[in-house]
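Novice: My structure is in run.cif, and what it holds is mmCIF, C-alpha atoms:
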data_run
loop_
_atom_site.group_PDB
_atom_site.id
_atom_site.type_symbol
_atom_site.label_atom_id
_atom_site.label_comp_id
_atom_site.auth_asym_id
_atom_site.auth_seq_id
_atom_site.Cartn_x
_atom_site.Cartn_y
_atom_site.Cartn_z
ATOM 1 C CA MET A 1 -65.255 189.811 -5.858
ATOM 2 C CA PRO A 2 -66.643 188.452 -2.560
ATOM 3 C CA SER A 3 -64.701 189.358 0.543
ATOM 4 C CA SER A 4 -62.523 186.893 2.400
ATOM 5 C CA PRO A 5 -64.591 184.599 4.660
ATOM 6 C CA SER A 6 -62.712 185.904 7.717
ATOM 7 C CA SER A 7 -63.204 189.596 6.930
ATOM 8 C CA SER A 8 -66.472 189.764 8.839
ATOM 9 C CA SER A 9 -66.898 189.569 12.609
ATOM 10 C CA ALA A 10 -69.624 186.967 12.114
ATOM 11 C CA SER A 11 -68.686 183.304 12.008
ATOM 12 C CA PRO A 12 -68.001 182.275 8.421
ATOM 13 C CA SER A 13 -70.761 180.233 6.812
ATOM 14 C CA VAL A 14 -70.737 177.642 4.057
ATOM 15 C CA GLU A 15 -72.374 180.245 1.847
ATOM 16 C CA SER A 16 -69.735 182.908 2.426
ATOM 17 C CA VAL A 17 -66.835 180.522 1.862
ATOM 18 C CA ALA A 18 -68.556 178.999 -1.167
ATOM 19 C CA ALA A 19 -69.018 182.463 -2.667
ATOM 20 C CA VAL A 20 -65.273 183.060 -2.573
ATOM 21 C CA LEU A 21 -64.536 179.633 -4.042
ATOM 22 C CA ARG A 22 -67.164 180.016 -6.732
ATOM 23 C CA SER A 23 -65.678 183.325 -7.827
ATOM 24 C CA ALA A 24 -62.373 181.495 -8.336
ATOM 25 C CA GLY A 25 -64.039 178.949 -10.610
ATOM 26 C CA CYS A 26 -64.588 176.041 -8.204
ATOM 27 C CA VAL A 27 -67.466 174.031 -9.667
ATOM 28 C CA PHE A 28 -68.412 172.234 -6.445
ATOM 29 C CA ALA A 29 -68.011 175.308 -4.256
ATOM 30 C CA GLU A 30 -70.508 174.337 -1.540
ATOM 31 C CA ASP A 31 -69.050 170.852 -1.068
ATOM 32 C CA GLU A 32 -65.538 172.236 -0.953
ATOM 33 C CA ALA A 33 -66.577 174.959 1.497
ATOM 34 C CA ARG A 34 -67.962 172.374 3.921
ATOM 35 C CA LEU A 35 -64.751 170.352 3.795
ATOM 36 C CA ILE A 36 -62.521 173.390 4.263
ATOM 37 C CA LEU A 37 -64.631 174.667 7.163
ATOM 38 C CA SER A 38 -64.431 171.265 8.854
ATOM 39 C CA GLN A 39 -60.644 171.294 8.468
ATOM 40 C CA ALA A 40 -59.914 174.824 9.699
ATOM 41 C CA ARG A 41 -59.352 175.192 13.444
ATOM 42 C CA THR A 42 -59.068 178.987 13.526
ATOM 43 C CA PRO A 43 -60.216 181.921 11.355
ATOM 44 C CA ARG A 44 -56.611 182.493 10.310
ATOM 45 C CA GLU A 45 -56.247 178.873 9.214
ATOM 46 C CA LEU A 46 -59.532 179.126 7.314
ATOM 47 C CA THR A 47 -58.276 182.138 5.414
ATOM 48 C CA ALA A 48 -55.033 180.350 4.577
ATOM 49 C CA LEU A 49 -56.859 177.249 3.315
ATOM 50 C CA VAL A 50 -59.260 179.277 1.185
ATOM 51 C CA ASP A 51 -56.422 181.358 -0.223
ATOM 52 C CA ARG A 52 -54.543 178.209 -1.260
ATOM 53 C CA ARG A 53 -57.600 176.810 -2.996
ATOM 54 C CA VAL A 54 -58.324 180.099 -4.761
ATOM 55 C CA ALA A 55 -54.711 180.139 -5.956
ATOM 56 C CA GLY A 56 -55.342 176.822 -7.724
ATOM 57 C CA LEU A 57 -53.953 174.262 -5.298
ATOM 58 C CA PRO A 58 -55.937 170.997 -5.633
ATOM 59 C CA LEU A 59 -58.523 170.605 -2.873
ATOM 60 C CA GLU A 60 -56.905 167.386 -1.649
ATOM 61 C CA LEU A 61 -53.586 169.153 -1.103
ATOM 62 C CA VAL A 62 -55.374 172.022 0.638
ATOM 63 C CA LEU A 63 -56.976 169.546 3.035
ATOM 64 C CA GLY A 64 -53.994 167.210 3.289
ATOM 65 C CA TRP A 65 -56.075 164.144 2.468
ATOM 66 C CA ALA A 66 -58.205 162.552 -0.240
ATOM 67 C CA GLU A 67 -61.219 160.301 0.189
ATOM 68 C CA PHE A 68 -60.703 156.886 -1.377
ATOM 69 C CA ARG A 69 -63.072 153.986 -0.875
ATOM 70 C CA GLY A 70 -64.299 155.435 2.416
ATOM 71 C CA LEU A 71 -60.772 156.040 3.717
ATOM 72 C CA ARG A 72 -58.907 159.281 4.341
ATOM 73 C CA ILE A 73 -55.679 158.906 2.415
ATOM 74 C CA LEU A 74 -52.988 161.400 3.393
ATOM 75 C CA VAL A 75 -51.555 163.333 0.457
ATOM 76 C CA GLU A 76 -48.624 165.715 0.242
ATOM 77 C CA PRO A 77 -47.331 168.236 -2.313
ATOM 78 C CA GLY A 78 -45.544 166.507 -5.169
ATOM 79 C CA VAL A 79 -47.454 163.230 -4.774
ATOM 80 C CA PHE A 80 -50.085 161.903 -7.179
ATOM 81 C CA VAL A 81 -53.586 162.412 -5.775
ATOM 82 C CA PRO A 82 -55.678 159.202 -5.906
ATOM 83 C CA ARG A 83 -58.681 159.401 -8.238
ATOM 84 C CA ARG A 84 -62.075 158.125 -7.202
ATOM 85 C CA ARG A 85 -62.362 156.191 -10.484
ATOM 86 C CA THR A 86 -59.459 154.010 -9.334
ATOM 87 C CA GLU A 87 -61.816 152.558 -6.725
ATOM 88 C CA PHE A 88 -63.071 150.457 -9.644
ATOM 89 C CA LEU A 89 -59.637 148.815 -9.907
ATOM 90 C CA VAL A 90 -59.809 147.941 -6.206
ATOM 91 C CA GLU A 91 -63.302 146.474 -6.605
ATOM 92 C CA GLN A 92 -62.184 144.347 -9.549
ATOM 93 C CA ALA A 93 -59.157 143.087 -7.646
ATOM 94 C CA LEU A 94 -61.283 142.035 -4.683
ATOM 95 C CA ALA A 95 -63.764 140.295 -6.974
ATOM 96 C CA GLN A 96 -60.944 138.471 -8.766
ATOM 97 C CA ALA A 97 -59.057 137.392 -5.628
ATOM 98 C CA PRO A 98 -61.291 137.743 -2.541
ATOM 99 C CA GLY A 99 -59.002 135.521 -0.479
ATOM 100 C CA ALA A 100 -55.722 137.166 -1.438
ATOM 101 C CA SER A 101 -52.999 136.839 1.191
ATOM 102 C CA VAL A 102 -50.169 138.758 -0.548
ATOM 103 C CA VAL A 103 -50.840 142.117 -2.215
ATOM 104 C CA VAL A 104 -48.454 144.397 -4.081
ATOM 105 C CA ASP A 105 -49.249 148.020 -4.928
ATOM 106 C CA LEU A 106 -46.781 148.937 -7.683
ATOM 107 C CA CYS A 107 -46.333 152.600 -8.704
ATOM 108 C CA CYS A 108 -48.108 153.169 -5.420
ATOM 109 C CA GLY A 109 -48.059 156.971 -5.158
ATOM 110 C CA SER A 110 -49.816 157.734 -1.881
ATOM 111 C CA GLY A 111 -50.449 154.023 -1.291
ATOM 112 C CA ALA A 112 -54.211 154.467 -1.626
ATOM 113 C CA VAL A 113 -54.821 151.305 -3.657
ATOM 114 C CA GLY A 114 -52.781 149.062 -1.386
ATOM 115 C CA THR A 115 -54.278 150.559 1.760
ATOM 116 C CA ALA A 116 -57.801 150.048 0.442
ATOM 117 C CA LEU A 117 -57.076 146.455 -0.575
ATOM 118 C CA ALA A 118 -55.454 145.566 2.733
ATOM 119 C CA THR A 119 -58.311 147.191 4.648
ATOM 120 C CA ALA A 120 -60.894 145.160 2.742
ATOM 121 C CA LEU A 121 -58.979 141.879 2.926
ATOM 122 C CA GLY A 122 -58.242 142.179 6.629
ATOM 123 C CA ASP A 123 -55.037 140.194 7.110
ATOM 124 C CA ALA A 124 -53.215 140.334 3.788
ATOM 125 C CA GLU A 125 -49.468 140.973 3.599
ATOM 126 C CA LEU A 126 -49.093 144.308 1.803
ATOM 127 C CA HIS A 127 -46.073 145.611 -0.080
ATOM 128 C CA ALA A 128 -46.047 148.916 -1.963
ATOM 129 C CA ALA A 129 -43.340 150.408 -4.152
ATOM 130 C CA ASP A 130 -42.580 153.622 -6.005
ATOM 131 C CA ILE A 131 -39.571 155.217 -7.661
ATOM 132 C CA ASP A 132 -40.389 158.692 -6.312
ATOM 133 C CA PRO A 133 -38.987 159.393 -2.805
ATOM 134 C CA ALA A 134 -41.865 161.783 -2.021
ATOM 135 C CA ALA A 135 -44.386 159.073 -2.838
ATOM 136 C CA VAL A 136 -42.511 156.535 -0.716
ATOM 137 C CA ARG A 137 -42.589 158.863 2.297
ATOM 138 C CA CYS A 138 -46.294 159.557 1.841
ATOM 139 C CA ALA A 139 -47.223 155.916 1.265
ATOM 140 C CA ARG A 140 -45.441 154.856 4.442
ATOM 141 C CA ARG A 141 -47.756 157.119 6.428
ATOM 142 C CA ASN A 142 -50.822 155.561 4.832
ATOM 143 C CA VAL A 143 -49.940 151.876 4.897
ATOM 144 C CA ALA A 144 -48.689 151.946 8.480
ATOM 145 C CA GLY A 145 -52.224 151.466 9.762
ATOM 146 C CA VAL A 146 -52.626 148.200 7.875
ATOM 147 C CA GLY A 147 -49.137 146.888 8.618
ATOM 148 C CA GLY A 148 -47.864 147.434 5.085
ATOM 149 C CA HIS A 149 -44.300 147.784 3.844
ATOM 150 C CA VAL A 150 -43.143 150.400 1.328
ATOM 151 C CA HIS A 151 -40.069 149.984 -0.865
ATOM 152 C CA ALA A 152 -38.194 152.542 -2.967
ATOM 153 C CA GLY A 153 -37.088 151.650 -6.473
ATOM 154 C CA ASP A 154 -37.983 151.039 -10.110
ATOM 155 C CA LEU A 155 -40.966 148.679 -10.392
ATOM 156 C CA PHE A 156 -40.126 145.071 -9.416
ATOM 157 C CA ALA A 157 -36.509 145.924 -8.586
ATOM 158 C CA ALA A 158 -37.847 147.555 -5.425
ATOM 159 C CA LEU A 159 -39.551 144.397 -4.138
ATOM 160 C CA PRO A 160 -38.072 141.729 -1.849
ATOM 161 C CA ALA A 161 -37.042 138.691 -3.892
ATOM 162 C CA ARG A 162 -38.976 136.431 -1.527
ATOM 163 C CA LEU A 163 -42.220 137.708 -3.081
ATOM 164 C CA ARG A 164 -41.485 136.091 -6.457
ATOM 165 C CA GLY A 165 -44.231 133.607 -7.301
ATOM 166 C CA ARG A 166 -46.296 134.550 -4.221
ATOM 167 C CA VAL A 167 -48.303 137.641 -5.197
ATOM 168 C CA ASP A 168 -52.072 137.109 -5.327
ATOM 169 C CA ILE A 169 -52.993 140.681 -6.305
ATOM 170 C CA LEU A 170 -50.569 142.866 -8.227
ATOM 171 C CA ALA A 171 -52.185 146.304 -8.570
ATOM 172 C CA ALA A 172 -50.158 148.574 -10.842
ATOM 173 C CA ASN A 173 -51.764 151.967 -11.370
ATOM 174 C CA VAL A 174 -49.017 152.953 -13.807
ATOM 175 C CA PRO A 175 -48.666 156.340 -15.532
ATOM 176 C CA TYR A 176 -50.561 156.065 -18.829
ATOM 177 C CA VAL A 177 -50.858 159.566 -20.288
ATOM 178 C CA PRO A 178 -49.106 159.770 -23.689
ATOM 179 C CA THR A 179 -46.177 162.189 -23.538
ATOM 180 C CA ASP A 180 -47.695 164.581 -26.081
ATOM 181 C CA GLU A 181 -50.923 164.788 -24.062
ATOM 182 C CA VAL A 182 -49.464 165.636 -20.652
ATOM 183 C CA GLY A 183 -49.688 169.341 -21.495
ATOM 184 C CA LEU A 184 -53.425 168.940 -22.129
ATOM 185 C CA LEU A 185 -54.166 167.706 -18.602
ATOM 186 C CA PRO A 186 -56.103 169.921 -16.164
ATOM 187 C CA ALA A 187 -53.848 172.422 -14.423
ATOM 188 C CA GLU A 188 -54.376 170.718 -11.050
ATOM 189 C CA ALA A 189 -52.621 167.605 -12.382
ATOM 190 C CA ARG A 190 -50.212 169.268 -14.791
ATOM 191 C CA ASP A 191 -48.907 171.841 -12.320
ATOM 192 C CA HIS A 192 -49.046 169.970 -9.024
ATOM 193 C CA GLU A 193 -48.361 166.284 -9.679
ATOM 194 C CA PRO A 194 -45.015 164.669 -10.567
ATOM 195 C CA LEU A 195 -44.382 164.004 -14.255
ATOM 196 C CA VAL A 196 -43.165 160.496 -13.420
ATOM 197 C CA ALA A 197 -46.683 159.658 -12.188
ATOM 198 C CA LEU A 198 -48.354 160.924 -15.370
ATOM 199 C CA ASP A 199 -46.147 160.382 -18.429
ATOM 200 C CA GLY A 200 -46.485 156.888 -19.882
ATOM 201 C CA GLY A 201 -44.333 157.412 -22.973
ATOM 202 C CA THR A 202 -45.202 157.806 -26.644
ATOM 203 C CA ASP A 203 -48.486 155.880 -26.535
ATOM 204 C CA GLY A 204 -48.860 155.923 -22.754
ATOM 205 C CA LEU A 205 -48.143 152.219 -22.335
ATOM 206 C CA ASP A 206 -44.368 152.076 -21.821
ATOM 207 C CA VAL A 207 -44.552 151.331 -18.094
ATOM 208 C CA LEU A 208 -47.553 149.028 -18.500
ATOM 209 C CA ARG A 209 -45.623 146.848 -20.953
ATOM 210 C CA ARG A 210 -42.679 146.611 -18.552
ATOM 211 C CA VAL A 211 -44.988 145.570 -15.718
ATOM 212 C CA ALA A 212 -46.818 143.002 -17.870
ATOM 213 C CA ALA A 213 -43.557 141.437 -19.068
ATOM 214 C CA GLU A 214 -42.301 140.719 -15.538
ATOM 215 C CA ALA A 215 -45.590 140.096 -13.750
ATOM 216 C CA PRO A 216 -45.792 136.319 -14.450
ATOM 217 C CA HIS A 217 -42.581 135.793 -12.476
ATOM 218 C CA TRP A 218 -44.099 137.447 -9.396
ATOM 219 C CA LEU A 219 -47.703 136.233 -9.485
ATOM 220 C CA ALA A 220 -48.784 133.189 -7.522
ATOM 221 C CA PRO A 221 -50.668 130.495 -9.439
ATOM 222 C CA GLY A 222 -54.031 132.093 -10.196
ATOM 223 C CA GLY A 223 -52.724 135.499 -9.135
ATOM 224 C CA CYS A 224 -53.893 138.586 -10.989
ATOM 225 C CA LEU A 225 -52.420 141.787 -12.375
ATOM 226 C CA LEU A 226 -54.662 144.841 -12.675
ATOM 227 C CA THR A 227 -53.864 148.163 -14.263
ATOM 228 C CA GLU A 228 -55.834 151.228 -15.321
ATOM 229 C CA THR A 229 -55.847 152.500 -18.917
ATOM 230 C CA SER A 230 -57.885 154.770 -21.149
ATOM 231 C CA GLU A 231 -60.625 153.353 -23.371
ATOM 232 C CA ALA A 232 -58.473 153.780 -26.480
ATOM 233 C CA GLN A 233 -55.477 152.036 -24.877
ATOM 234 C CA ALA A 234 -57.346 149.007 -23.532
ATOM 235 C CA PRO A 235 -56.942 146.759 -26.625
ATOM 236 C CA ALA A 236 -53.178 147.348 -26.764
ATOM 237 C CA ALA A 237 -52.954 146.773 -23.010
ATOM 238 C CA VAL A 238 -54.782 143.453 -23.342
ATOM 239 C CA GLU A 239 -52.329 142.521 -26.110
ATOM 240 C CA ALA A 240 -49.385 143.339 -23.840
ATOM 241 C CA PHE A 241 -50.830 141.133 -21.105
ATOM 242 C CA THR A 242 -51.478 138.179 -23.410
ATOM 243 C CA GLY A 243 -48.054 138.598 -25.004
ATOM 244 C CA ALA A 244 -46.546 138.151 -21.550
ATOM 245 C CA GLY A 245 -48.443 134.889 -21.086
ATOM 246 C CA LEU A 246 -51.354 136.146 -19.005
ATOM 247 C CA THR A 247 -55.013 135.474 -19.602
ATOM 248 C CA ALA A 248 -56.360 138.997 -20.050
ATOM 249 C CA ARG A 249 -59.675 140.808 -20.248
ATOM 250 C CA PRO A 250 -60.857 144.417 -20.001
ATOM 251 C CA ALA A 251 -63.356 145.669 -17.420
ATOM 252 C CA VAL A 252 -65.317 148.901 -17.742
ATOM 253 C CA SER A 253 -67.264 151.071 -15.309
ATOM 254 C CA GLU A 254 -69.619 153.477 -17.043
ATOM 255 C CA GLU A 255 -70.345 155.138 -13.694
ATOM 256 C CA TRP A 256 -66.713 156.040 -13.045
ATOM 257 C CA ASN A 257 -65.608 156.191 -16.688
ATOM 258 C CA ALA A 258 -62.915 153.757 -15.640
ATOM 259 C CA HIS A 259 -61.124 151.149 -17.757
ATOM 260 C CA VAL A 260 -59.118 148.367 -16.128
ATOM 261 C CA VAL A 261 -57.268 145.484 -17.705
ATOM 262 C CA ILE A 262 -57.098 142.286 -15.652
ATOM 263 C CA GLY A 263 -54.555 139.569 -16.302
ATOM 264 C CA SER A 264 -54.332 136.190 -14.592
ATOM 265 C CA ARG A 265 -51.416 133.800 -14.421
ATOM 266 C CA ARG A 266 -52.288 130.694 -16.343
#
Kindly transcribe the structure held in the file into structure tokens.
Specialist:
Amino acid sequence: MPSSPSSSSASPSVESVAAVLRSAGCVFAEDEARLILSQARTPRELTALVDRRVAGLPLELVLGWAEFRGLRILVEPGVFVPRRRTEFLVEQALAQAPGASVVVDLCCGSGAVGTALATALGDAELHAADIDPAAVRCARRNVAGVGGHVHAGDLFAALPARLRGRVDILAANVPYVPTDEVGLLPAEARDHEPLVALDGGTDGLDVLRRVAAEAPHWLAPGGCLLTETSEAQAPAAVEAFTGAGLTARPAVSEEWNAHVVIGSRR
């Protein structure tokens, strides 16, 4: 096994760090090595960061941030790490409501979606909400730069009542992994992310149905609800949206392997 990158008197190189990461099974060892080297301020810190990654800690938690739509989103242990494929949801929201003035990021996790939307829109009023206290703390750090507000609670119960009927974009990246499939997730998600951010119930759509049922009361006229699903779940998700009175359609990104259902208030 390659030696620790700090075991030599020479300055550690991308190659030496990558060799250690590669031996631990990191597929993108060179890319990860560059990021870790840019983060470490001392040889001791470098060794600590590499050791955490080798032990299986997700790269984003090793670094303390995740890249999302060109932004550095702060992440913390116990908080769902934003996926790059969710950038597709943000793109669809902006295409659907480019002039949105009120945005809600429900099941916000780190607040990545809301932060990205508010950054792109410029002067939108942003509200984010999550039931997990760790997520609420993390999201507050991220949305502060765009003047956002984060609320703690279960879905819409967390939001100020004054938002009813005013929301132009309701982004709800709900948990959608079926309960029986949570154990099949990669270890980085299964072992390091909160179950509440992953488990969507028997068919994965329990939370989505709850969001769809209440969304029409919160959306402004012409406002839109967007949520991520799997390919197999998309038809049932569309049905849940239409059953709640929304005009619904699926959107697919082959590049990101992303599936989003978009509903509009009639």
Novice: Between CA of Gly165 (chain A) and CA of Pro216 (chain A), what is the distance, to one decimal in Å?
Specialist: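 About the pair CA of Gly165 (chain A) and CA of Pro216 (chain A): they are 7.8 Å apart.
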Novice: Report, in Å with one decimal, the straight-line distance from CA of Ala172 (chain A) to CA of Ala237 (chain A).
Specialist: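 Between CA of Ala172 (chain A) and CA of Ala237 (chain A) the gap works out to 12.6 Å.
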Novice: Since I can't run it myself right now, could you work out what the PyMOL selection byres ((chain A and resi 105) around 7) selects here and report it as a PyMOL selection string?
Specialist: chain A and resi 103-104+106-108+113-114+127-129+170-172
Novice: What residues have an atom no more than 9 Å from (-44.8, 163.0, -26.9) in the file's own frame, counting only C-alpha atoms, and can you write them as a list in words?
Specialist: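 Residues with an atom close enough to that point: Pro178, Thr179, Asp180, Glu181, Val182, Asp199, Gly201, Thr202 and Asp203 of chain A.
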Novice: Grab the CA of Gly153 (chain A) to CA of Glu231 (chain A) distance for me, in Å with one decimal place.
Specialist: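 Taking CA of Gly153 (chain A) and CA of Glu231 (chain A), their separation equals 29.0 Å.
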Novice: For each of A:Thr86, A:Cys224, A:Glu239, A:Val146, take the minimum atom-to-atom distance to Ser264 (chain A), counting only C-alpha atoms, then give the residue where this is smallest.
Specialist: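 Of all the options, A:Cys224 lies closest to Ser264 (chain A).
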Novice: Using all atoms listed in the file, which protein or nucleic acid residues come within 12 Å of Gly245 (chain A)? Drop anything in the same chain fewer than 5 positions from it, and give the result as a count of residues only.
Specialist: 15
Novice: Please provide the set of residues having any atom within 7 Å of Glu193 (chain A), restricted to all atoms listed in the file, with same-chain residues fewer than 2 positions apart removed, written as number ranges by chain.
Specialist: A: 78-80, 189-191, 195
Novice: Starting from the shown file, work through the PyMOL selection byres ((chain A and resi 154) around 9) and note down what comes out as JSON, numbers by chain.
Specialist: {"A": [107, 129, 130, 131, 132, 152, 153, 155, 156, 157, 158]}
Novice: Measuring between only C-alpha atoms, which one of A:Ala66, A:Val20, A:Ala244, A:Leu71 shows the shortest distance to Val50 (chain A)?
Specialist: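 Using only C-alpha atoms, the shortest distance to Val50 (chain A) belongs to A:Val20.
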Novice: Can you pull out the residues contacting Leu59 (chain A)? Cut-off 12 Å, using only C-alpha atoms, and skip same-chain residues under 3 positions away; I want them as a VMD selection string.
Specialist: chain A and resid 21 26 to 29 31 to 36 39 49 to 56 62 to 67 75 to 77 81 188 to 189 192
Novice: Which residues of region 157-205 of chain A have any atom within 10 Å of an atom in region 116-125 of chain A when counting all atoms listed in the file, and what is the closest pair of atoms for each, with the distance in Å to one decimal? Order the rows by chain and rising number and write it as CSV.
Specialist:
residue,atom,partner,partner_atom,distance
A:Val167,CA,A:Glu125,CA,9.5
A:Asp168,CA,A:Ala124,CA,9.7
A:Ile169,CA,A:Leu117,CA,9.1
A:Ala171,CA,A:Leu117,CA,9.4
Novice: Applied to this file, what does the PyMOL selection byres ((chain A and resi 110) around 6) return in terms of residues, put as a list in words?
Specialist: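 Checking the PyMOL selection byres ((chain A and resi 110) around 6) against this file, the residues are Gly109, Gly111, Ala112, Ala135, Cys138 and Ala139 of chain A.
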Novice: Put those residues in a file: C-alpha atoms, as a PDB file, in the coordinates of the input.
Specialist:
ATOM      1  CA  GLY A 109     -48.059 156.971  -5.158  1.00  0.00           C
ATOM      2  CA  GLY A 111     -50.449 154.023  -1.291  1.00  0.00           C
ATOM      3  CA  ALA A 112     -54.211 154.467  -1.626  1.00  0.00           C
ATOM      4  CA  ALA A 135     -44.386 159.073  -2.838  1.00  0.00           C
ATOM      5  CA  CYS A 138     -46.294 159.557   1.841  1.00  0.00           C
ATOM      6  CA  ALA A 139     -47.223 155.916   1.265  1.00  0.00           C
TER       7      ALA A 139
END
Novice: For Glu228 (chain A), list every protein, DNA or RNA residue within 6 Å, evaluated using only C-alpha atoms, and leave out those in the same chain fewer than 3 positions away; present the list as a PDB file with C-alpha atoms, in the coordinates of the input.
Specialist:
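Writing the result to selection-v8.pdb gives the following:
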ATOM      1  CA  ASN A 173     -51.764 151.967 -11.370  1.00  0.00           C
ATOM      2  CA  HIS A 259     -61.124 151.149 -17.757  1.00  0.00           C
ATOM      3  CA  VAL A 260     -59.118 148.367 -16.128  1.00  0.00           C
TER       4      VAL A 260
END
Novice: Which is closer to Pro186 (chain A) than all the others in A:Pro58, A:Pro82, A:Gly70, A:Gly99, using all atoms listed in the file?
Specialist: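 Of the candidates, the smallest distance to Pro186 (chain A) is held by A:Pro58.
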Novice: Find, counting all atoms listed in the file, the residue in A:Val143, A:Glu30, A:Val136, A:Ala95 that gets nearest to Ile73 (chain A).
Specialist: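 Of A:Val143, A:Glu30, A:Val136, A:Ala95, the one nearest Ile73 (chain A), counting all atoms listed in the file, is A:Val143.
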Novice: My list of candidates is A:Gly223, A:Glu255, A:Arg44, A:Ser13. Which is closest to Ala93 (chain A) when distances are computed with all atoms listed in the file?
Specialist: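 The answer is A:Gly223, which sits nearest to Ala93 (chain A).
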Novice: Given the choices A:Ile262, A:Leu57, A:Leu74, A:Val174, which gets closest to Ala187 (chain A) if the distance is worked out from only C-alpha atoms?
Specialist: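 So, comparing all the options, the nearest one is A:Leu57.
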